[in-house]
Structures are given as C-alpha cells and as structure tokens.
Amino acid sequence: MDAFITENLHSKTDHPHLFTGCSYQISQQDTQDNYSEGGVEWEQMEDADILKRFADDGSSYGKLKKSIDYAIHSDKSFWPCSVLHENKKNATYTVRIHQSSWHKRQIWDINEMPRLLTNYPRKAIHYFVKPYESDQHLRTAFRFPMGIPPEIFPSQWKNRKVY
C-alpha cells in the first residue's frame, strides 16, 4: 500500500500495470456549491485549504458492506482513485476520487475540481489490473490452439448453421 500513497494532494498515483479503485457512490455531496464554481485554481492552494474546501468525511464507506466486500460488490461500484495520505492514528486514508468512465460526468470533474474523502477505510480500497495489462496480454505469452476434435461434443451442441 505504501507504494501507492502519494502524500501530495495535487498528484495522481500512476503505476504502469495497476490502478487503485475506491468504492464510491454518487451523493448530494457531489453537487455542493464548491464544485459548481468554475475557474477556481485549487492547484495553487495550500493542502490545508484544499482539504477544508473540497474534502468530505468518507468513514461511511466502512459501513457499506455490499460496496466494499469485493466478492459481493455491485458492478461499477469502484471508481478510479488516488490514495493521498495515511492517517496512522485511526488506520484510515485520504483519497481522491477520479471520474469513472462508467458513470455520468460529475460537476467536480467538469469544473476540474478534486473530489476528496478523508477517514476513508482501507477495506474500501482495491487494486485492479489496467485493461490489456494482465499477463495474458504479454507479447511473450504462450498461446497454442487446443485442437479439440469435433466428435467430442454432443450433437445437440452442434446447432450452428453452416453459411
């Protein structure tokens, strides 16, 4: 986990083969006034000011059993995120949520504002392999046709029309 913590509110975690995903649900907090104001140059602000203006409490994500348990998570419930800071006192994190390509574009993304959550639980953070970056996509991956003879399949399965 330490390799993915940036300790910088202005940067995004970048790994060549993996990305960090955080359990996230769109809420009323996504439409707050501080996101609808365009032209705010938050990159020039101090970290404490950024957190004060743009961060919300993310501790509720530790209580949402379905969204954080990857084995039973709902499809598209993890959004790309960057882990920005670890709070060792209560074993939580500050994360920045990035726009998901699966969901409608949020006002904070349209206006290029950061979507930050503090007190975010570790169990709601998962790592995913980027598309086309898994071992099966390596140029050196071993591939060989299986060569299954047609007589091994029952005739009921052989119902494709011959064109």
# chains A, B, ... in the order shown; residues from 1 in each chain; ligands from 1
call {"tool": "residues_around", "arguments": {"residues": "A:Tyr132", "least_positions_apart": "4", "cutoff": "12 Å", "atoms": "only C-alpha atoms", "output": "PyMOL selection string"}}
result
chain A and resi 16-18+128+136-139
call {"tool": "write_last_selection", "arguments": {"atoms": "N, CA and C atoms", "output": "mmCIF file, in the first residue's frame"}}
result
data_model
loop_
_atom_site.group_PDB
_atom_site.id
_atom_site.type_symbol
_atom_site.label_atom_id
_atom_site.label_comp_id
_atom_site.auth_asym_id
_atom_site.auth_seq_id
_atom_site.Cartn_x
_atom_site.Cartn_y
_atom_site.Cartn_z
ATOM 1 N N PRO A 16 2.386 1.477 -13.934
ATOM 2 C CA PRO A 16 2.272 1.045 -15.330
ATOM 3 C C PRO A 16 1.236 -0.051 -15.586
ATOM 4 N N HIS A 17 0.945 -0.905 -14.595
ATOM 5 C CA HIS A 17 0.055 -2.034 -14.850
ATOM 6 C C HIS A 17 -1.169 -2.105 -13.941
ATOM 7 N N LEU A 18 -1.175 -1.357 -12.850
ATOM 8 C CA LEU A 18 -2.266 -1.430 -11.886
ATOM 9 C C LEU A 18 -2.928 -0.072 -11.711
ATOM 10 N N PHE A 128 -6.632 -3.030 -9.108
ATOM 11 C CA PHE A 128 -7.096 -3.698 -10.308
ATOM 12 C C PHE A 128 -6.006 -3.634 -11.373
ATOM 13 N N GLN A 136 -1.841 -12.304 -19.632
ATOM 14 C CA GLN A 136 -2.293 -12.909 -20.884
ATOM 15 C C GLN A 136 -2.081 -11.990 -22.088
ATOM 16 N N HIS A 137 -1.834 -10.711 -21.830
ATOM 17 C CA HIS A 137 -1.600 -9.766 -22.918
ATOM 18 C C HIS A 137 -0.120 -9.509 -23.186
ATOM 19 N N LEU A 138 0.754 -10.202 -22.479
ATOM 20 C CA LEU A 138 2.183 -10.053 -22.732
ATOM 21 C C LEU A 138 2.523 -10.574 -24.130
ATOM 22 N N ARG A 139 3.429 -9.922 -24.784
ATOM 23 C CA ARG A 139 3.839 -10.367 -26.122
ATOM 24 C C ARG A 139 4.469 -11.749 -26.061
#
call {"tool": "atom_distance", "arguments": {"atom1": "atom CA of A:Trp108", "atom2": "atom CA of A:Asn34"}}
result
8.7 Å
call {"tool": "select_by_dssp", "arguments": {"residues": "chain A", "states": "alpha helix (DSSP H)", "output": "list in words"}}
result
Asp33, Asn34, Tyr35, Ser36, Asp47, Ala48, Asp49, Ile50, Leu51, Lys52, Arg53, Phe54, Lys65, Lys66, Ser67, Ile68, Ile107, Trp108, Asp109 and Ile110 of chain A
call {"tool": "residues_around", "arguments": {"residues": "A:Arg122", "least_positions_apart": "6", "cutoff": "12 Å", "atoms": "only C-alpha atoms", "output": "JSON, numbers by chain"}}
result
{"A": [1, 20, 21, 22, 23, 58, 59, 61, 62, 63, 68, 69, 83, 85, 86, 87, 88, 90, 91, 92, 93, 94, 95]}
call {"tool": "write_last_selection", "arguments": {"atoms": "N, CA and C atoms", "output": "PDB file, in the first residue's frame"}}
result
ATOM      1  N   MET A   1       0.822  -1.196   0.000  1.00  0.00           N
ATOM      2  CA  MET A   1       0.000   0.000   0.000  1.00  0.00           C
ATOM      3  C   MET A   1       0.863   1.256   0.000  1.00  0.00           C
ATOM      4  N   THR A  20      -5.687   1.940  -8.754  1.00  0.00           N
ATOM      5  CA  THR A  20      -6.370   1.863  -7.478  1.00  0.00           C
ATOM      6  C   THR A  20      -7.841   2.184  -7.696  1.00  0.00           C
ATOM      7  N   GLY A  21      -8.707   1.390  -7.090  1.00  0.00           N
ATOM      8  CA  GLY A  21     -10.142   1.633  -7.174  1.00  0.00           C
ATOM      9  C   GLY A  21     -10.722   1.779  -5.780  1.00  0.00           C
ATOM     10  N   CYS A  22     -11.577   2.782  -5.606  1.00  0.00           N
ATOM     11  CA  CYS A  22     -12.230   3.019  -4.324  1.00  0.00           C
ATOM     12  C   CYS A  22     -13.732   2.829  -4.486  1.00  0.00           C
ATOM     13  N   SER A  23     -14.327   2.166  -3.516  1.00  0.00           N
ATOM     14  CA  SER A  23     -15.776   2.044  -3.504  1.00  0.00           C
ATOM     15  C   SER A  23     -16.348   3.456  -3.392  1.00  0.00           C
ATOM     16  N   GLY A  58     -15.280  10.322   4.592  1.00  0.00           N
ATOM     17  CA  GLY A  58     -15.543   9.081   3.874  1.00  0.00           C
ATOM     18  C   GLY A  58     -15.679   7.879   4.785  1.00  0.00           C
ATOM     19  N   SER A  59     -15.820   8.098   6.083  1.00  0.00           N
ATOM     20  CA  SER A  59     -15.888   6.974   7.024  1.00  0.00           C
ATOM     21  C   SER A  59     -17.113   6.094   6.799  1.00  0.00           C
ATOM     22  N   TYR A  61     -18.038   4.747   4.190  1.00  0.00           N
ATOM     23  CA  TYR A  61     -17.725   3.657   3.261  1.00  0.00           C
ATOM     24  C   TYR A  61     -17.245   2.408   3.989  1.00  0.00           C
ATOM     25  N   GLY A  62     -16.882   2.531   5.243  1.00  0.00           N
ATOM     26  CA  GLY A  62     -16.524   1.368   6.041  1.00  0.00           C
ATOM     27  C   GLY A  62     -17.731   0.606   6.527  1.00  0.00           C
ATOM     28  N   LYS A  63     -18.899   1.225   6.419  1.00  0.00           N
ATOM     29  CA  LYS A  63     -20.130   0.615   6.920  1.00  0.00           C
ATOM     30  C   LYS A  63     -20.973   0.006   5.811  1.00  0.00           C
ATOM     31  N   ILE A  68     -18.123  -2.551  -0.278  1.00  0.00           N
ATOM     32  CA  ILE A  68     -16.699  -2.726  -0.005  1.00  0.00           C
ATOM     33  C   ILE A  68     -16.240  -4.173  -0.053  1.00  0.00           C
ATOM     34  N   ASP A  69     -17.150  -5.113   0.081  1.00  0.00           N
ATOM     35  CA  ASP A  69     -16.768  -6.517   0.011  1.00  0.00           C
ATOM     36  C   ASP A  69     -16.679  -6.883  -1.469  1.00  0.00           C
ATOM     37  N   VAL A  83      -4.659   7.313  -3.583  1.00  0.00           N
ATOM     38  CA  VAL A  83      -4.506   7.335  -2.133  1.00  0.00           C
ATOM     39  C   VAL A  83      -3.482   8.417  -1.829  1.00  0.00           C
ATOM     40  N   HIS A  85      -2.975  10.088   1.464  1.00  0.00           N
ATOM     41  CA  HIS A  85      -2.366  10.181   2.790  1.00  0.00           C
ATOM     42  C   HIS A  85      -2.916   9.077   3.684  1.00  0.00           C
ATOM     43  N   GLU A  86      -2.044   8.542   4.535  1.00  0.00           N
ATOM     44  CA  GLU A  86      -2.467   7.549   5.522  1.00  0.00           C
ATOM     45  C   GLU A  86      -2.519   8.204   6.891  1.00  0.00           C
ATOM     46  N   ASN A  87      -3.646   8.058   7.577  1.00  0.00           N
ATOM     47  CA  ASN A  87      -3.788   8.531   8.942  1.00  0.00           C
ATOM     48  C   ASN A  87      -3.516   7.329   9.848  1.00  0.00           C
ATOM     49  N   LYS A  88      -2.310   7.228  10.342  1.00  0.00           N
ATOM     50  CA  LYS A  88      -1.901   6.059  11.123  1.00  0.00           C
ATOM     51  C   LYS A  88      -2.644   5.944  12.449  1.00  0.00           C
ATOM     52  N   ASN A  90      -5.888   6.348  13.142  1.00  0.00           N
ATOM     53  CA  ASN A  90      -7.132   5.568  13.071  1.00  0.00           C
ATOM     54  C   ASN A  90      -7.171   4.636  11.863  1.00  0.00           C
ATOM     55  N   ALA A  91      -6.010   4.382  11.260  1.00  0.00           N
ATOM     56  CA  ALA A  91      -5.879   3.442  10.136  1.00  0.00           C
ATOM     57  C   ALA A  91      -6.855   3.747   9.000  1.00  0.00           C
ATOM     58  N   THR A  92      -6.960   5.013   8.641  1.00  0.00           N
ATOM     59  CA  THR A  92      -7.781   5.416   7.505  1.00  0.00           C
ATOM     60  C   THR A  92      -6.914   6.212   6.531  1.00  0.00           C
ATOM     61  N   TYR A  93      -7.521   6.593   5.423  1.00  0.00           N
ATOM     62  CA  TYR A  93      -6.777   7.256   4.358  1.00  0.00           C
ATOM     63  C   TYR A  93      -7.531   8.478   3.849  1.00  0.00           C
ATOM     64  N   THR A  94      -6.793   9.363   3.212  1.00  0.00           N
ATOM     65  CA  THR A  94      -7.386  10.439   2.431  1.00  0.00           C
ATOM     66  C   THR A  94      -7.229  10.017   0.984  1.00  0.00           C
ATOM     67  N   VAL A  95      -8.338   9.995   0.244  1.00  0.00           N
ATOM     68  CA  VAL A  95      -8.305   9.560  -1.149  1.00  0.00           C
ATOM     69  C   VAL A  95      -8.906  10.634  -2.052  1.00  0.00           C
TER      70      VAL A  95
END
call {"tool": "select_by_dssp", "arguments": {"residues": "chain A", "states": "strand (DSSP E or B)", "output": "MDAnalysis selection string"}}
result
chainID A and resid 5 18:23 55:57 78:87 92:97 115:121 125:129
call {"tool": "write_last_selection", "arguments": {"atoms": "C-alpha atoms", "output": "mmCIF file, in the first residue's frame"}}
result
data_model
loop_
_atom_site.group_PDB
_atom_site.id
_atom_site.type_symbol
_atom_site.label_atom_id
_atom_site.label_comp_id
_atom_site.auth_asym_id
_atom_site.auth_seq_id
_atom_site.Cartn_x
_atom_site.Cartn_y
_atom_site.Cartn_z
ATOM 1 C CA ILE A 5 0.399 6.675 -1.250
ATOM 2 C CA LEU A 18 -2.266 -1.430 -11.886
ATOM 3 C CA PHE A 19 -4.801 1.151 -10.812
ATOM 4 C CA THR A 20 -6.370 1.863 -7.478
ATOM 5 C CA GLY A 21 -10.142 1.633 -7.174
ATOM 6 C CA CYS A 22 -12.230 3.019 -4.324
ATOM 7 C CA SER A 23 -15.776 2.044 -3.504
ATOM 8 C CA ALA A 55 -12.859 17.127 1.439
ATOM 9 C CA ASP A 56 -15.794 15.226 2.888
ATOM 10 C CA ASP A 57 -15.821 12.506 5.511
ATOM 11 C CA PHE A 78 -15.377 1.060 -7.764
ATOM 12 C CA TRP A 79 -14.118 4.357 -9.141
ATOM 13 C CA PRO A 80 -10.503 5.165 -10.018
ATOM 14 C CA CYS A 81 -8.835 6.892 -7.091
ATOM 15 C CA SER A 82 -5.521 8.048 -5.706
ATOM 16 C CA VAL A 83 -4.506 7.335 -2.133
ATOM 17 C CA LEU A 84 -3.082 10.617 -0.890
ATOM 18 C CA HIS A 85 -2.366 10.181 2.790
ATOM 19 C CA GLU A 86 -2.467 7.549 5.522
ATOM 20 C CA ASN A 87 -3.788 8.531 8.942
ATOM 21 C CA THR A 92 -7.781 5.416 7.505
ATOM 22 C CA TYR A 93 -6.777 7.256 4.358
ATOM 23 C CA THR A 94 -7.386 10.439 2.431
ATOM 24 C CA VAL A 95 -8.305 9.560 -1.149
ATOM 25 C CA ARG A 96 -9.060 11.487 -4.307
ATOM 26 C CA ILE A 97 -11.841 10.039 -6.428
ATOM 27 C CA ARG A 115 -13.206 15.050 -5.100
ATOM 28 C CA LEU A 116 -11.552 14.214 -1.769
ATOM 29 C CA LEU A 117 -12.621 11.903 1.036
ATOM 30 C CA THR A 118 -10.934 11.763 4.443
ATOM 31 C CA ASN A 119 -11.201 8.965 7.045
ATOM 32 C CA TYR A 120 -11.639 6.538 4.167
ATOM 33 C CA PRO A 121 -11.332 2.872 5.279
ATOM 34 C CA ILE A 125 -9.717 0.307 -1.494
ATOM 35 C CA HIS A 126 -8.813 -2.387 -4.040
ATOM 36 C CA TYR A 127 -6.204 -2.754 -6.761
ATOM 37 C CA PHE A 128 -7.096 -3.698 -10.308
ATOM 38 C CA VAL A 129 -5.059 -4.610 -13.354
#
call {"tool": "closest_residue", "arguments": {"among": "A:Gln32, A:Lys89, A:Phe153, A:His15", "to": "A:Phe54", "atoms": "only C-alpha atoms"}}
result
A:Gln32
call {"tool": "closest_residue", "arguments": {"among": "A:Pro154, A:Pro114, A:Ala141, A:Ser134", "to": "A:Glu41", "atoms": "only C-alpha atoms"}}
result
A:Pro114
call {"tool": "atom_distance", "arguments": {"atom1": "atom CA of A:Ser77", "atom2": "atom CA of A:Tyr35"}}
result
21.9 Å
call {"tool": "atom_distance", "arguments": {"atom1": "atom CA of A:Val40", "atom2": "atom CA of A:Arg105"}}
result
18.6 Å
call {"tool": "closest_residue", "arguments": {"among": "A:Gly39, A:Phe144, A:Trp102, A:Asp30", "to": "A:Lys76", "atoms": "only C-alpha atoms"}}
result
A:Trp102
call {"tool": "decode", "arguments": {"residues": "stretch 124-150 of chain A", "atoms": "N, CA and C atoms", "output": "CSV table (one decimal), in the first residue's frame"}}
result
chain,number,residue,atom,x,y,z
A,124,ALA,N,-12.2,-0.5,1.7
A,124,ALA,CA,-12.9,0.0,0.6
A,124,ALA,C,-12.0,0.3,-0.6
A,125,ILE,N,-10.7,0.0,-0.4
A,125,ILE,CA,-9.7,0.3,-1.5
A,125,ILE,C,-9.2,-1.0,-2.1
A,126,HIS,N,-9.3,-1.2,-3.4
A,126,HIS,CA,-8.8,-2.4,-4.0
A,126,HIS,C,-7.9,-2.0,-5.2
A,127,TYR,N,-7.1,-3.0,-5.6
A,127,TYR,CA,-6.2,-2.8,-6.8
A,127,TYR,C,-6.7,-3.6,-7.9
A,128,PHE,N,-6.6,-3.0,-9.1
A,128,PHE,CA,-7.1,-3.7,-10.3
A,128,PHE,C,-6.0,-3.6,-11.4
A,129,VAL,N,-6.0,-4.6,-12.2
A,129,VAL,CA,-5.1,-4.6,-13.4
A,129,VAL,C,-5.7,-3.7,-14.4
A,130,LYS,N,-4.9,-2.9,-15.0
A,130,LYS,CA,-5.4,-2.0,-16.1
A,130,LYS,C,-5.8,-2.9,-17.3
A,131,PRO,N,-6.7,-2.4,-18.1
A,131,PRO,CA,-7.1,-3.2,-19.3
A,131,PRO,C,-5.9,-3.4,-20.2
A,132,TYR,N,-5.9,-4.7,-20.6
A,132,TYR,CA,-4.8,-5.1,-21.6
A,132,TYR,C,-3.4,-5.1,-21.0
A,133,GLU,N,-3.3,-5.1,-19.6
A,133,GLU,CA,-2.0,-5.1,-19.0
A,133,GLU,C,-1.8,-6.4,-18.2
A,134,SER,N,-2.7,-7.4,-18.2
A,134,SER,CA,-2.5,-8.6,-17.5
A,134,SER,C,-1.5,-9.5,-18.2
A,135,ASP,N,-1.1,-10.6,-17.5
A,135,ASP,CA,-0.1,-11.5,-18.1
A,135,ASP,C,-0.6,-12.1,-19.5
A,136,GLN,N,-1.8,-12.3,-19.6
A,136,GLN,CA,-2.3,-12.9,-20.9
A,136,GLN,C,-2.1,-12.0,-22.1
A,137,HIS,N,-1.8,-10.7,-21.8
A,137,HIS,CA,-1.6,-9.8,-22.9
A,137,HIS,C,-0.1,-9.5,-23.2
A,138,LEU,N,0.8,-10.2,-22.5
A,138,LEU,CA,2.2,-10.1,-22.7
A,138,LEU,C,2.5,-10.6,-24.1
A,139,ARG,N,3.4,-9.9,-24.8
A,139,ARG,CA,3.8,-10.4,-26.1
A,139,ARG,C,4.5,-11.7,-26.1
A,140,THR,N,5.0,-12.1,-24.9
A,140,THR,CA,5.7,-13.4,-24.8
A,140,THR,C,4.8,-14.5,-24.2
A,141,ALA,N,3.5,-14.2,-24.1
A,141,ALA,CA,2.6,-15.2,-23.5
A,141,ALA,C,2.5,-16.4,-24.4
A,142,PHE,N,2.4,-17.6,-23.8
A,142,PHE,CA,2.4,-18.8,-24.6
A,142,PHE,C,0.9,-19.1,-25.1
A,143,ARG,N,0.8,-19.2,-26.4
A,143,ARG,CA,-0.5,-19.5,-27.0
A,143,ARG,C,-0.4,-20.6,-28.0
A,144,PHE,N,-1.3,-21.6,-27.8
A,144,PHE,CA,-1.3,-22.7,-28.8
A,144,PHE,C,-2.8,-23.2,-28.9
A,145,PRO,N,-3.2,-23.5,-30.2
A,145,PRO,CA,-4.6,-23.9,-30.4
A,145,PRO,C,-4.8,-25.2,-29.6
A,146,MET,N,-6.0,-25.4,-29.0
A,146,MET,CA,-6.3,-26.5,-28.2
A,146,MET,C,-6.5,-27.8,-29.1
A,147,GLY,N,-7.1,-27.6,-30.3
A,147,GLY,CA,-7.3,-28.8,-31.2
A,147,GLY,C,-8.2,-29.8,-30.6
A,148,ILE,N,-9.4,-29.4,-30.2
A,148,ILE,CA,-10.4,-30.4,-29.7
A,148,ILE,C,-11.1,-31.0,-30.9
A,149,PRO,N,-11.2,-32.3,-31.0
A,149,PRO,CA,-11.9,-32.9,-32.2
A,149,PRO,C,-13.4,-32.7,-32.1
A,150,PRO,N,-14.1,-32.5,-33.2
A,150,PRO,CA,-15.5,-32.2,-33.2
A,150,PRO,C,-16.3,-33.3,-32.6
